[in-house]
>>> print(open('coords-v8.txt').read())   # compact mmCIF, C-alpha atoms (C1' of nucleotides)
# COMPACT_ATOMS: atom_id res chain seq x y z
CA MET A 385 0.00 0.00 0.00
CA THR A 386 1.41 3.30 -1.01
CA LYS A 387 1.34 6.34 1.26
CA GLY A 388 -1.38 7.87 -0.92
CA VAL A 389 -3.63 4.87 -0.62
CA CYS A 390 -3.19 4.86 3.16
CA SER A 391 -4.16 8.52 3.40
CA VAL A 392 -7.30 7.89 1.42
CA MET A 393 -8.24 4.79 3.43
CA GLU A 394 -7.81 6.74 6.67
CA GLU A 395 -10.62 9.01 5.56
CA PHE A 396 -12.91 6.01 5.67
CA ALA A 397 -12.15 5.34 9.33
CA GLU A 398 -15.64 6.32 10.43
CA ASN A 399 -18.22 4.21 8.77
CA ASN A 400 -19.94 6.96 6.85
CA ALA A 401 -19.80 7.13 3.13
CA LEU A 402 -17.89 10.03 1.60
CA ALA A 403 -18.58 11.99 -1.56
CA SER A 404 -15.63 12.37 -3.92
CA PRO A 405 -15.35 16.16 -3.59
CA ASP A 406 -15.27 15.74 0.19
CA ILE A 407 -12.42 13.33 0.04
CA VAL A 408 -10.61 15.57 -2.40
CA SER A 409 -10.94 18.61 -0.18
CA ARG A 410 -9.99 16.78 2.99
CA LEU A 411 -6.78 15.65 1.35
CA GLU A 412 -5.93 18.66 -0.73
CA GLN A 413 -3.13 19.75 1.60
CA LYS A 414 -1.60 16.35 1.23
CA MET A 415 -2.16 15.38 -2.34
CA ASN A 416 -3.43 16.36 -5.72
CA ARG A 417 -7.04 16.07 -6.80
CA THR A 418 -6.13 13.89 -9.77
CA THR A 419 -4.25 11.53 -7.51
CA VAL A 420 -7.20 11.21 -5.18
CA TYR A 421 -9.51 10.28 -8.03
CA ARG A 422 -7.01 7.77 -9.33
CA ILE A 423 -6.58 6.16 -5.93
CA LEU A 424 -10.34 5.96 -5.47
CA ASP A 425 -10.60 4.17 -8.82
CA ARG A 426 -7.94 1.71 -7.85
CA LEU A 427 -9.46 1.06 -4.44
CA GLU A 428 -12.83 0.47 -6.00
CA LYS A 429 -11.46 -1.95 -8.59
CA SER A 430 -9.67 -3.86 -5.88
CA GLY A 431 -12.86 -4.05 -3.85
CA MET A 432 -11.61 -2.20 -0.77
CA ILE A 433 -14.28 0.42 -1.28
CA HIS A 434 -17.44 0.55 -3.32
CA SER A 435 -19.36 3.41 -4.84
CA PHE A 436 -22.96 4.40 -5.35
CA SER A 437 -24.92 7.45 -6.42
CA GLY A 438 -26.34 9.91 -3.92
CA LYS A 439 -29.67 11.63 -4.33
CA GLU A 440 -28.25 14.40 -6.50
CA GLY A 441 -26.27 11.95 -8.58
CA GLN A 442 -22.98 12.59 -6.83
CA LYS A 443 -20.60 9.70 -6.46
CA TRP A 444 -20.24 8.37 -2.93
CA TYR A 445 -17.70 5.89 -1.65
CA ALA A 446 -17.81 3.61 1.34
CA LYS A 447 -15.50 1.03 2.78
CA SER A 448 -16.41 -2.51 1.84
CA GLU A 449 -17.06 -4.88 4.68
CA ARG A 450 -15.68 -7.82 2.85
CA CYS A 451 -13.15 -7.66 0.09
CA ASN A 452 -15.44 -9.93 -1.84
CA SER A 453 -16.94 -7.70 -4.47
CA ASP A 454 -19.77 -10.10 -5.32
CA GLN A 455 -22.15 -8.78 -2.76
CA LYS A 456 -21.20 -5.18 -2.87
CA GLU A 457 -24.26 -4.01 -4.67
CA ASN A 458 -26.88 -5.86 -2.73
CA HIS A 459 -27.11 -3.65 0.29
CA ALA A 460 -29.05 -0.43 0.40
CA HIS A 461 -27.67 3.02 1.08
CA PHE A 462 -29.18 5.81 3.09
CA GLN A 463 -28.88 9.55 2.70
CA CYS A 464 -30.23 12.15 5.10
CA LYS A 465 -32.04 15.04 3.44
CA GLU A 466 -31.10 17.45 6.21
CA CYS A 467 -27.46 16.89 7.03
CA GLY A 468 -26.46 14.90 3.99
CA LYS A 469 -25.06 12.07 6.08
CA THR A 470 -24.81 9.03 3.89
CA GLU A 471 -24.15 5.47 4.87
CA CYS A 472 -24.45 1.81 4.03
CA LEU A 473 -27.41 0.05 5.53
CA SER A 474 -27.22 -3.49 6.66
CA ILE A 475 -30.46 -4.34 4.97
CA GLU A 476 -29.88 -6.50 1.96
CA PHE A 477 -32.50 -6.86 -0.69
CA THR A 478 -33.23 -9.33 -3.40
CA ILE A 479 -32.70 -8.11 -6.92
CA PRO A 480 -36.10 -8.37 -8.56
CA LYS A 481 -36.55 -10.43 -11.70
CA VAL A 482 -37.72 -8.50 -14.69
CA GLU A 483 -39.21 -10.02 -17.78
CA ASP A 484 -37.13 -9.69 -20.98
CA ARG A 485 -34.13 -8.24 -19.23
CA ARG A 486 -31.18 -9.63 -17.45
CA ILE A 487 -30.45 -7.72 -14.28
CA ASP A 488 -26.84 -7.74 -13.21
CA SER A 489 -26.93 -5.35 -10.32
CA ALA A 490 -29.24 -3.07 -8.43
CA ASN A 491 -28.83 0.16 -6.54
CA LEU A 492 -31.25 1.09 -3.83
CA LEU A 493 -30.99 4.50 -2.24
CA LEU A 494 -33.24 5.42 0.64
CA VAL A 495 -33.67 9.09 1.34
CA GLY A 496 -35.01 10.52 4.57
CA HIS A 497 -33.96 11.77 7.97
CA CYS A 498 -31.37 10.31 10.28
CA THR A 499 -31.71 10.17 14.06
CA ASP A 500 -29.78 13.38 14.60
CA CYS A 501 -31.94 15.33 12.22
CA GLY A 502 -35.06 14.03 13.84
CA ILE A 503 -37.95 12.03 12.63
CA ALA A 504 -40.30 14.92 13.44
CA HIS A 505 -38.70 17.28 10.96
CA SER A 506 -39.80 15.29 8.00
CA LYS A 507 -42.36 16.86 5.76
CA MET B 1423 -48.32 25.27 -22.50
CA THR B 1424 -45.66 27.37 -24.14
CA LYS B 1425 -44.00 26.39 -27.40
CA GLY B 1426 -40.85 25.48 -25.49
CA VAL B 1427 -42.64 23.15 -23.13
CA CYS B 1428 -44.33 21.44 -26.10
CA SER B 1429 -41.00 20.87 -27.82
CA VAL B 1430 -39.57 19.29 -24.72
CA MET B 1431 -42.61 17.10 -24.14
CA GLU B 1432 -42.43 15.87 -27.74
CA GLU B 1433 -39.04 14.38 -26.95
CA PHE B 1434 -40.76 12.13 -24.47
CA ALA B 1435 -43.07 10.68 -27.09
CA GLU B 1436 -41.39 7.28 -26.97
CA ASN B 1437 -41.54 5.86 -23.53
CA ASN B 1438 -37.83 5.75 -22.87
CA ALA B 1439 -36.24 7.93 -20.28
CA LEU B 1440 -33.90 10.64 -21.52
CA ALA B 1441 -30.74 12.01 -19.99
CA SER B 1442 -30.56 15.79 -19.69
CA PRO B 1443 -27.63 16.23 -22.10
CA ASP B 1444 -29.53 14.16 -24.66
CA ILE B 1445 -32.54 16.37 -24.45
CA VAL B 1446 -30.36 19.44 -24.63
CA SER B 1447 -28.58 18.26 -27.75
CA ARG B 1448 -31.75 17.11 -29.47
CA LEU B 1449 -33.21 20.56 -29.02
CA GLU B 1450 -30.17 22.72 -29.46
CA GLN B 1451 -31.23 23.86 -32.92
CA LYS B 1452 -34.51 24.98 -31.50
CA MET B 1453 -33.69 26.42 -28.12
CA ASN B 1454 -31.04 27.33 -25.63
CA ARG B 1455 -29.51 24.90 -23.19
CA THR B 1456 -30.50 27.04 -20.23
CA THR B 1457 -34.08 27.11 -21.39
CA VAL B 1458 -34.18 23.34 -21.69
CA TYR B 1459 -32.94 22.91 -18.14
CA ARG B 1460 -35.46 25.43 -16.89
CA ILE B 1461 -38.32 23.74 -18.69
CA LEU B 1462 -37.27 20.36 -17.34
CA ASP B 1463 -37.34 21.80 -13.83
CA ARG B 1464 -40.79 23.23 -14.33
CA LEU B 1465 -42.13 20.02 -15.84
CA GLU B 1466 -40.74 18.04 -12.96
CA LYS B 1467 -42.24 20.35 -10.35
CA SER B 1468 -45.60 20.16 -12.05
CA GLY B 1469 -45.39 16.36 -12.09
CA MET B 1470 -45.54 15.90 -15.87
CA ILE B 1471 -42.15 14.23 -15.79
CA HIS B 1472 -40.04 12.75 -13.03
CA SER B 1473 -36.33 12.31 -12.64
CA PHE B 1474 -33.95 9.70 -11.28
CA SER B 1475 -30.24 8.95 -11.31
CA GLY B 1476 -28.66 6.66 -13.87
CA LYS B 1477 -25.81 4.32 -13.11
CA GLU B 1478 -23.17 6.98 -13.60
CA GLY B 1479 -25.12 9.49 -11.58
CA GLN B 1480 -26.51 11.35 -14.58
CA LYS B 1481 -29.95 12.79 -14.30
CA TRP B 1482 -32.61 11.03 -16.33
CA TYR B 1483 -36.14 12.17 -16.99
CA ALA B 1484 -39.22 10.20 -17.92
CA LYS B 1485 -42.80 11.05 -18.58
CA SER B 1486 -45.06 10.45 -15.61
CA GLU B 1487 -47.92 8.08 -16.15
CA ARG B 1488 -50.17 9.92 -13.80
CA CYS B 1489 -49.91 13.56 -12.88
CA ASN B 1490 -50.17 12.46 -9.29
CA SER B 1491 -46.67 12.95 -7.96
CA ASP B 1492 -47.23 10.85 -4.85
CA GLN B 1493 -46.26 7.58 -6.39
CA LYS B 1494 -43.55 8.82 -8.65
CA GLU B 1495 -40.69 7.43 -6.69
CA ASN B 1496 -42.01 3.99 -6.01
CA HIS B 1497 -41.37 2.36 -9.32
CA ALA B 1498 -38.01 0.99 -10.33
CA HIS B 1499 -35.91 2.11 -13.28
CA PHE B 1500 -33.85 0.04 -15.63
CA GLN B 1501 -30.67 0.90 -17.47
CA CYS B 1502 -28.97 -1.26 -20.08
CA LYS B 1503 -25.20 -1.55 -19.67
CA GLU B 1504 -24.64 -2.04 -23.37
CA CYS B 1505 -26.78 0.48 -25.19
CA GLY B 1506 -27.62 2.75 -22.29
CA LYS B 1507 -31.35 2.48 -22.90
CA THR B 1508 -33.11 3.56 -19.76
CA GLU B 1509 -36.73 3.20 -18.84
CA CYS B 1510 -39.34 3.05 -16.14
CA LEU B 1511 -40.31 -0.42 -15.04
CA SER B 1512 -43.80 -1.23 -14.03
CA ILE B 1513 -42.60 -3.06 -10.97
CA GLU B 1514 -43.37 -1.15 -7.85
CA PHE B 1515 -41.59 -1.88 -4.63
CA THR B 1516 -42.26 -1.24 -1.00
CA ILE B 1517 -40.02 1.23 0.70
CA PRO B 1518 -38.30 -0.73 3.44
CA LYS B 1519 -38.52 0.36 7.04
CA VAL B 1520 -35.23 1.18 8.65
CA GLU B 1521 -34.64 1.42 12.34
CA ASP B 1522 -33.83 4.91 13.66
CA ARG B 1523 -34.45 6.63 10.38
CA ARG B 1524 -37.46 7.98 8.65
CA ILE B 1525 -37.46 7.10 4.98
CA ASP B 1526 -39.27 9.53 2.74
CA SER B 1527 -38.45 8.17 -0.65
CA ALA B 1528 -36.47 5.46 -2.35
CA ASN B 1529 -34.74 5.07 -5.68
CA LEU B 1530 -34.21 1.67 -7.15
CA LEU B 1531 -32.11 1.33 -10.27
CA LEU B 1532 -31.69 -2.03 -11.94
CA VAL B 1533 -28.72 -2.38 -14.25
CA GLY B 1534 -28.35 -5.11 -16.82
CA HIS B 1535 -29.05 -5.98 -20.44
CA CYS B 1536 -32.17 -5.23 -22.42
CA THR B 1537 -33.69 -7.60 -24.97
CA ASP B 1538 -31.95 -5.94 -27.91
CA CYS B 1539 -28.55 -6.23 -26.34
CA GLY B 1540 -29.14 -9.84 -25.53
CA ILE B 1541 -29.19 -11.76 -22.36
CA ALA B 1542 -26.24 -13.85 -23.55
CA HIS B 1543 -23.88 -10.91 -23.69
CA SER B 1544 -23.93 -10.40 -19.99
CA LYS B 1545 -20.77 -11.13 -18.13
C1' DT C 746 -55.10 48.79 -30.23
C1' DT C 747 -51.92 50.51 -26.96
C1' DT C 748 -49.91 50.10 -22.39
C1' DC C 749 -48.17 47.55 -18.69
C1' DC C 750 -46.66 43.59 -16.33
C1' DT C 751 -45.01 39.03 -15.88
C1' DA C 752 -43.19 34.87 -17.62
C1' DA C 753 -40.14 32.82 -20.90
C1' DT C 754 -36.00 32.87 -23.50
C1' DG C 755 -31.15 33.82 -24.99
C1' DC C 756 -26.50 34.62 -24.06
C1' DA C 757 -22.23 34.90 -21.68
C1' DA C 758 -19.85 33.85 -17.90
C1' DC C 759 -19.18 30.96 -14.22
C1' DA C 760 -18.87 26.73 -11.11
C1' DG C 761 -18.22 22.01 -9.84
C1' DA C 762 -16.77 17.39 -10.87
C1' DG C 763 -14.02 14.66 -13.10
C1' DT C 764 -10.52 13.38 -17.01
C1' DT C 765 -6.41 13.53 -19.99
C1' DG C 766 -1.70 14.28 -21.47
C1' DC C 767 2.59 14.88 -20.21
C1' DA C 768 6.50 15.63 -17.26
C1' DT C 769 8.52 14.32 -12.82
C1' DT C 770 9.36 11.46 -8.92
C1' DA C 771 9.30 7.35 -6.21
C1' DA C 772 9.70 2.52 -5.72
C1' DC C 773 11.05 -1.77 -7.03
C1' DT C 774 14.12 -5.30 -9.79
C1' DT C 775 18.11 -7.10 -11.35
C1' DA D 1047 23.96 1.77 -9.81
C1' DA D 1048 20.92 1.31 -13.83
C1' DG D 1049 16.69 0.45 -15.75
C1' DT D 1050 11.82 -0.18 -15.59
C1' DT D 1051 7.30 0.53 -13.95
C1' DA D 1052 3.98 2.65 -11.03
C1' DA D 1053 2.51 6.76 -8.66
C1' DT D 1054 2.12 11.62 -8.42
C1' DG D 1055 1.68 16.59 -9.76
C1' DC D 1056 0.18 20.08 -12.71
C1' DA D 1057 -2.19 22.42 -16.31
C1' DA D 1058 -5.55 22.33 -19.44
C1' DC D 1059 -9.73 20.60 -20.85
C1' DT D 1060 -14.55 18.50 -21.01
C1' DC D 1061 -19.01 17.99 -19.52
C1' DT D 1062 -23.06 19.22 -16.93
C1' DG D 1063 -25.47 22.42 -14.99
C1' DT D 1064 -26.35 27.28 -12.88
C1' DT D 1065 -26.59 32.40 -12.44
C1' DG D 1066 -27.13 37.20 -13.73
C1' DC D 1067 -28.74 40.14 -16.77
C1' DA D 1068 -30.72 41.84 -20.95
C1' DT D 1069 -34.34 40.93 -24.37
C1' DT D 1070 -38.61 39.15 -26.13
C1' DA D 1071 -43.19 37.24 -26.06
C1' DG D 1072 -47.83 36.78 -24.17
C1' DG D 1073 -51.53 38.14 -21.63
C1' DA D 1074 -54.49 41.29 -18.96
C1' DA D 1075 -56.27 45.81 -18.42
C1' DA D 1076 -57.40 50.28 -20.06
>>> encode(input="coords-v8.txt", output="structure tokens")
Amino acid sequence: MTKGVCSVMEEFAENNALASPDIVSRLEQKMNRTTVYRILDRLEKSGMIHSFSGKEGQKWYAKSERCNSDQKENHAHFQCKECGKTECLSIEFTIPKVEDRRIDSANLLLVGHCTDCGIAHSK
Amino acid sequence: MTKGVCSVMEEFAENNALASPDIVSRLEQKMNRTTVYRILDRLEKSGMIHSFSGKEGQKWYAKSERCNSDQKENHAHFQCKECGKTECLSIEFTIPKVEDRRIDSANLLLVGHCTDCGIAHSK
DNA sequence: TTTCCTAATGCAACAGAGTTGCATTAACTT
DNA sequence: AAGTTAATGCAACTCTGTTGCATTAGGAAA
């Protein structure tokens, strides 16, 4: 593991997911934007982290529990409308069968309010 | 309905979803990029169309079946890996309950191969 | 019809996210 | 130490979308 890779992985210490621009800005004192993107690509290919789309289409990354990339897309992700906190959920779901199409993977994003932002605030 | 709105709606004649840049480029002879984006916003707010994120996080739009916006987020979307064809599926799913969080909406994107691109091609 | 007001459009400039090409540096092999 | 490959930095660029401001088009009211 190179120094760069370690720096990036450290950012994933807490179990929240991180949006690419976040990671870039957290590390910008330490390393170049381009490098961060390249390391994220490599980490994703190797299965250390996985990515998914947030509610505005931004790319989010989270640490993979298992290095096995088979299951990486079968858990849901959650994003809080208020604070933006985004995380992997432990709920796994079955990829539905669809007539006339072969489904290879599925992304499920749940959007709502986290505990901190309060259930009552929801509209 | 203004002329602009009509032009945009015509693009949705076939039932496929369309990515914003697609719509922009299809209409660029006729109207300005900014205008297209603004019309898409208005149409979405009014419930004529709805949007969702594609597999690369791009914003896709599709005509709403019903003008009722309540149900708009409860059907799944499909995107073909090969040809990029993207569409609304008729399968509706139940938004899962998650402990400690209030879920307001859910996006489910299924990624795979459509009939034209062949089930056999999948890896 | 003419006047007035608001909504819609066009245009240019900007912003954010990510990519590419190329030069430089670091790390690893032999 | 020399050579090779991988990793990094930097600048420029692309793509997607937004903002501010000026202009135009469409109604409503007189």
>>> atom_distance(input="coords-v8.txt", atom1="atom CA of Glu428 of chain A", atom2="atom CA of Ala1528 of chain B")
24.4 Å
>>> residues_around(input="coords-v8.txt", residues="segment 756-770 of chain C", least_positions_apart="3", cutoff="9 Å", atoms="all atoms listed in the file", output="list of chain:residue names")
A:Ser404, A:Pro405, A:Thr418, A:Tyr421, A:Gln442, B:Asn1454, D:DA1053, D:DT1054, D:DG1055, D:DC1056, D:DA1058, D:DC1059, D:DT1060, D:DC1061, D:DT1062, D:DG1063, D:DT1064, D:DT1065, D:DA1068
>>> atom_distance(input="coords-v8.txt", atom1="atom CA of Leu492 of chain A", atom2="atom CA of Cys1536 of chain B")
19.7 Å
>>> atom_distance(input="coords-v8.txt", atom1="atom CA of Gln1501 of chain B", atom2="atom CA of Asp1463 of chain B")
22.2 Å
>>> closest_residue(input="coords-v8.txt", among="B:Cys1502, B:Leu1511, B:Ala1441, B:Cys1539", to="Glu1487 of chain B", atoms="all atoms listed in the file")
B:Leu1511
>>> closest_residue(input="coords-v8.txt", among="D:DC1067, D:DG1072, D:DA1052, D:DA1057", to="chain B", atoms="all atoms listed in the file")
D:DG1072
>>> residues_around(input="coords-v8.txt", residues="Met1423 of chain B", least_positions_apart="3", cutoff="12 Å", atoms="all atoms listed in the file", output="list in words")
Gly1426, Val1427, Cys1428, Ser1429, Val1430, Met1431, Ile1461, Arg1464, Leu1465, Ser1468 and Met1470 of chain B; DA752 and DA753 of chain C; DG1072 of chain D
>>> closest_residue(input="coords-v8.txt", among="A:Lys387, A:Arg410, A:His459, A:Lys429", to="chain B", atoms="all atoms listed in the file")
A:His459
>>> residues_around(input="coords-v8.txt", residues="segment 1515-1527 of chain B", least_positions_apart="4", cutoff="6 Å", atoms="all atoms listed in the file", output="PyMOL selection string")
chain A and resi 495-499+503
>>> closest_residue(input="coords-v8.txt", among="A:Glu476, A:Asp406, A:Glu412, A:Glu395", to="chain B", atoms="only C-alpha atoms")
A:Glu476
>>> closest_residue(input="coords-v8.txt", among="B:Asn1438, B:Thr1457, B:Asn1496, B:Gln1451", to="chain D", atoms="all atoms listed in the file")
B:Thr1457
>>> closest_residue(input="coords-v8.txt", among="A:His434, A:Lys443, A:His461, A:Lys414", to="chain C", atoms="only C-alpha atoms (C1' of nucleotides)")
A:Lys443
>>> decode(input="coords-v8.txt", residues="segment 1052-1067 of chain D", atoms="N, CA and C atoms (P, O5', C5', C4', C3', O3' and C1' of nucleotides)", output="PDB file, in the first residue's frame")
ATOM      1  P    DA D1052       3.478  -1.090 -14.264  1.00  0.00           P
ATOM      2  O5'  DA D1052       3.295  -0.253 -12.926  1.00  0.00           O
ATOM      3  C5'  DA D1052       3.842  -0.738 -11.701  1.00  0.00           C
ATOM      4  C4'  DA D1052       3.709   0.348 -10.657  1.00  0.00           C
ATOM      5  C3'  DA D1052       2.328   0.991 -10.627  1.00  0.00           C
ATOM      6  O3'  DA D1052       1.955   1.152  -9.253  1.00  0.00           O
ATOM      7  C1'  DA D1052       3.977   2.653 -11.035  1.00  0.00           C
ATOM      8  P    DA D1053       0.639   1.926  -8.846  1.00  0.00           P
ATOM      9  O5'  DA D1053       1.200   3.370  -8.484  1.00  0.00           O
ATOM     10  C5'  DA D1053       2.147   3.487  -7.436  1.00  0.00           C
ATOM     11  C4'  DA D1053       2.404   4.950  -7.179  1.00  0.00           C
ATOM     12  C3'  DA D1053       1.155   5.803  -6.969  1.00  0.00           C
ATOM     13  O3'  DA D1053       1.382   6.572  -5.790  1.00  0.00           O
ATOM     14  C1'  DA D1053       2.510   6.759  -8.656  1.00  0.00           C
ATOM     15  P    DT D1054       0.292   7.584  -5.275  1.00  0.00           P
ATOM     16  O5'  DT D1054       0.772   8.927  -5.963  1.00  0.00           O
ATOM     17  C5'  DT D1054       1.929   9.585  -5.467  1.00  0.00           C
ATOM     18  C4'  DT D1054       2.237  10.806  -6.294  1.00  0.00           C
ATOM     19  C3'  DT D1054       1.194  11.908  -6.234  1.00  0.00           C
ATOM     20  O3'  DT D1054       1.740  12.970  -5.461  1.00  0.00           O
ATOM     21  C1'  DT D1054       2.116  11.621  -8.417  1.00  0.00           C
ATOM     22  P    DG D1055       0.849  14.267  -5.165  1.00  0.00           P
ATOM     23  O5'  DG D1055       1.272  15.196  -6.394  1.00  0.00           O
ATOM     24  C5'  DG D1055       2.642  15.470  -6.602  1.00  0.00           C
ATOM     25  C4'  DG D1055       2.804  16.514  -7.697  1.00  0.00           C
ATOM     26  C3'  DG D1055       1.801  17.662  -7.637  1.00  0.00           C
ATOM     27  O3'  DG D1055       2.522  18.864  -7.873  1.00  0.00           O
ATOM     28  C1'  DG D1055       1.680  16.594  -9.762  1.00  0.00           C
ATOM     29  P    DC D1056       1.859  20.313  -7.617  1.00  0.00           P
ATOM     30  O5'  DC D1056       1.561  20.809  -9.107  1.00  0.00           O
ATOM     31  C5'  DC D1056       2.533  20.568 -10.129  1.00  0.00           C
ATOM     32  C4'  DC D1056       1.944  20.922 -11.483  1.00  0.00           C
ATOM     33  C3'  DC D1056       0.807  21.935 -11.447  1.00  0.00           C
ATOM     34  O3'  DC D1056       1.083  22.920 -12.422  1.00  0.00           O
ATOM     35  C1'  DC D1056       0.178  20.076 -12.707  1.00  0.00           C
ATOM     36  P    DA D1057       0.285  24.333 -12.384  1.00  0.00           P
ATOM     37  O5'  DA D1057      -0.187  24.416 -13.905  1.00  0.00           O
ATOM     38  C5'  DA D1057       0.651  23.869 -14.929  1.00  0.00           C
ATOM     39  C4'  DA D1057      -0.187  23.605 -16.159  1.00  0.00           C
ATOM     40  C3'  DA D1057      -1.312  24.616 -16.373  1.00  0.00           C
ATOM     41  O3'  DA D1057      -1.319  25.002 -17.737  1.00  0.00           O
ATOM     42  C1'  DA D1057      -2.194  22.423 -16.314  1.00  0.00           C
ATOM     43  P    DA D1058      -2.373  26.124 -18.237  1.00  0.00           P
ATOM     44  O5'  DA D1058      -3.230  25.290 -19.282  1.00  0.00           O
ATOM     45  C5'  DA D1058      -2.626  24.215 -20.004  1.00  0.00           C
ATOM     46  C4'  DA D1058      -3.726  23.304 -20.515  1.00  0.00           C
ATOM     47  C3'  DA D1058      -4.980  24.055 -20.965  1.00  0.00           C
ATOM     48  O3'  DA D1058      -5.353  23.595 -22.249  1.00  0.00           O
ATOM     49  C1'  DA D1058      -5.547  22.331 -19.442  1.00  0.00           C
ATOM     50  P    DC D1059      -6.586  24.292 -23.031  1.00  0.00           P
ATOM     51  O5'  DC D1059      -7.692  23.148 -22.957  1.00  0.00           O
ATOM     52  C5'  DC D1059      -7.283  21.785 -23.156  1.00  0.00           C
ATOM     53  C4'  DC D1059      -8.388  20.841 -22.721  1.00  0.00           C
ATOM     54  C3'  DC D1059      -9.782  21.319 -23.120  1.00  0.00           C
ATOM     55  O3'  DC D1059     -10.402  20.321 -23.892  1.00  0.00           O
ATOM     56  C1'  DC D1059      -9.734  20.602 -20.855  1.00  0.00           C
ATOM     57  P    DT D1060     -11.779  20.713 -24.712  1.00  0.00           P
ATOM     58  O5'  DT D1060     -12.807  19.686 -24.048  1.00  0.00           O
ATOM     59  C5'  DT D1060     -12.394  18.352 -23.773  1.00  0.00           C
ATOM     60  C4'  DT D1060     -13.461  17.703 -22.916  1.00  0.00           C
ATOM     61  C3'  DT D1060     -14.876  18.107 -23.322  1.00  0.00           C
ATOM     62  O3'  DT D1060     -15.665  16.933 -23.408  1.00  0.00           O
ATOM     63  C1'  DT D1060     -14.553  18.502 -21.015  1.00  0.00           C
ATOM     64  P    DC D1061     -17.083  16.956 -24.177  1.00  0.00           P
ATOM     65  O5'  DC D1061     -18.080  16.349 -23.088  1.00  0.00           O
ATOM     66  C5'  DC D1061     -17.578  15.797 -21.895  1.00  0.00           C
ATOM     67  C4'  DC D1061     -18.506  16.064 -20.732  1.00  0.00           C
ATOM     68  C3'  DC D1061     -19.928  16.504 -21.130  1.00  0.00           C
ATOM     69  O3'  DC D1061     -20.820  15.683 -20.398  1.00  0.00           O
ATOM     70  C1'  DC D1061     -19.010  17.989 -19.522  1.00  0.00           C
ATOM     71  P    DT D1062     -22.401  15.649 -20.723  1.00  0.00           P
ATOM     72  O5'  DT D1062     -23.035  16.406 -19.468  1.00  0.00           O
ATOM     73  C5'  DT D1062     -22.732  15.935 -18.174  1.00  0.00           C
ATOM     74  C4'  DT D1062     -23.203  16.922 -17.153  1.00  0.00           C
ATOM     75  C3'  DT D1062     -24.599  17.486 -17.405  1.00  0.00           C
ATOM     76  O3'  DT D1062     -25.363  17.269 -16.239  1.00  0.00           O
ATOM     77  C1'  DT D1062     -23.063  19.220 -16.932  1.00  0.00           C
ATOM     78  P    DG D1063     -26.962  17.431 -16.272  1.00  0.00           P
ATOM     79  O5'  DG D1063     -27.137  18.856 -15.603  1.00  0.00           O
ATOM     80  C5'  DG D1063     -26.526  19.040 -14.328  1.00  0.00           C
ATOM     81  C4'  DG D1063     -26.257  20.487 -14.096  1.00  0.00           C
ATOM     82  C3'  DG D1063     -27.475  21.408 -14.182  1.00  0.00           C
ATOM     83  O3'  DG D1063     -27.857  21.725 -12.853  1.00  0.00           O
ATOM     84  C1'  DG D1063     -25.470  22.419 -14.990  1.00  0.00           C
ATOM     85  P    DT D1064     -28.992  22.836 -12.575  1.00  0.00           P
ATOM     86  O5'  DT D1064     -28.146  24.169 -12.398  1.00  0.00           O
ATOM     87  C5'  DT D1064     -27.042  24.154 -11.497  1.00  0.00           C
ATOM     88  C4'  DT D1064     -26.573  25.580 -11.287  1.00  0.00           C
ATOM     89  C3'  DT D1064     -27.705  26.584 -11.067  1.00  0.00           C
ATOM     90  O3'  DT D1064     -27.305  27.408  -9.990  1.00  0.00           O
ATOM     91  C1'  DT D1064     -26.351  27.280 -12.879  1.00  0.00           C
ATOM     92  P    DT D1065     -28.322  28.469  -9.325  1.00  0.00           P
ATOM     93  O5'  DT D1065     -27.712  29.899  -9.689  1.00  0.00           O
ATOM     94  C5'  DT D1065     -26.328  30.014  -9.975  1.00  0.00           C
ATOM     95  C4'  DT D1065     -26.037  31.447 -10.384  1.00  0.00           C
ATOM     96  C3'  DT D1065     -27.172  32.447 -10.159  1.00  0.00           C
ATOM     97  O3'  DT D1065     -26.628  33.658  -9.670  1.00  0.00           O
ATOM     98  C1'  DT D1065     -26.588  32.400 -12.443  1.00  0.00           C
ATOM     99  P    DG D1066     -27.532  34.889  -9.250  1.00  0.00           P
ATOM    100  O5'  DG D1066     -27.163  35.921 -10.417  1.00  0.00           O
ATOM    101  C5'  DG D1066     -25.795  36.115 -10.802  1.00  0.00           C
ATOM    102  C4'  DG D1066     -25.720  37.215 -11.828  1.00  0.00           C
ATOM    103  C3'  DG D1066     -26.765  38.323 -11.668  1.00  0.00           C
ATOM    104  O3'  DG D1066     -26.164  39.559 -12.039  1.00  0.00           O
ATOM    105  C1'  DG D1066     -27.129  37.205 -13.732  1.00  0.00           C
ATOM    106  P    DC D1067     -26.973  40.942 -11.902  1.00  0.00           P
ATOM    107  O5'  DC D1067     -27.309  41.260 -13.426  1.00  0.00           O
ATOM    108  C5'  DC D1067     -26.297  41.077 -14.421  1.00  0.00           C
ATOM    109  C4'  DC D1067     -26.921  41.171 -15.791  1.00  0.00           C
ATOM    110  C3'  DC D1067     -28.067  42.183 -15.888  1.00  0.00           C
ATOM    111  O3'  DC D1067     -27.901  42.948 -17.070  1.00  0.00           O
ATOM    112  C1'  DC D1067     -28.740  40.139 -16.772  1.00  0.00           C
TER     113       DC D1067
END
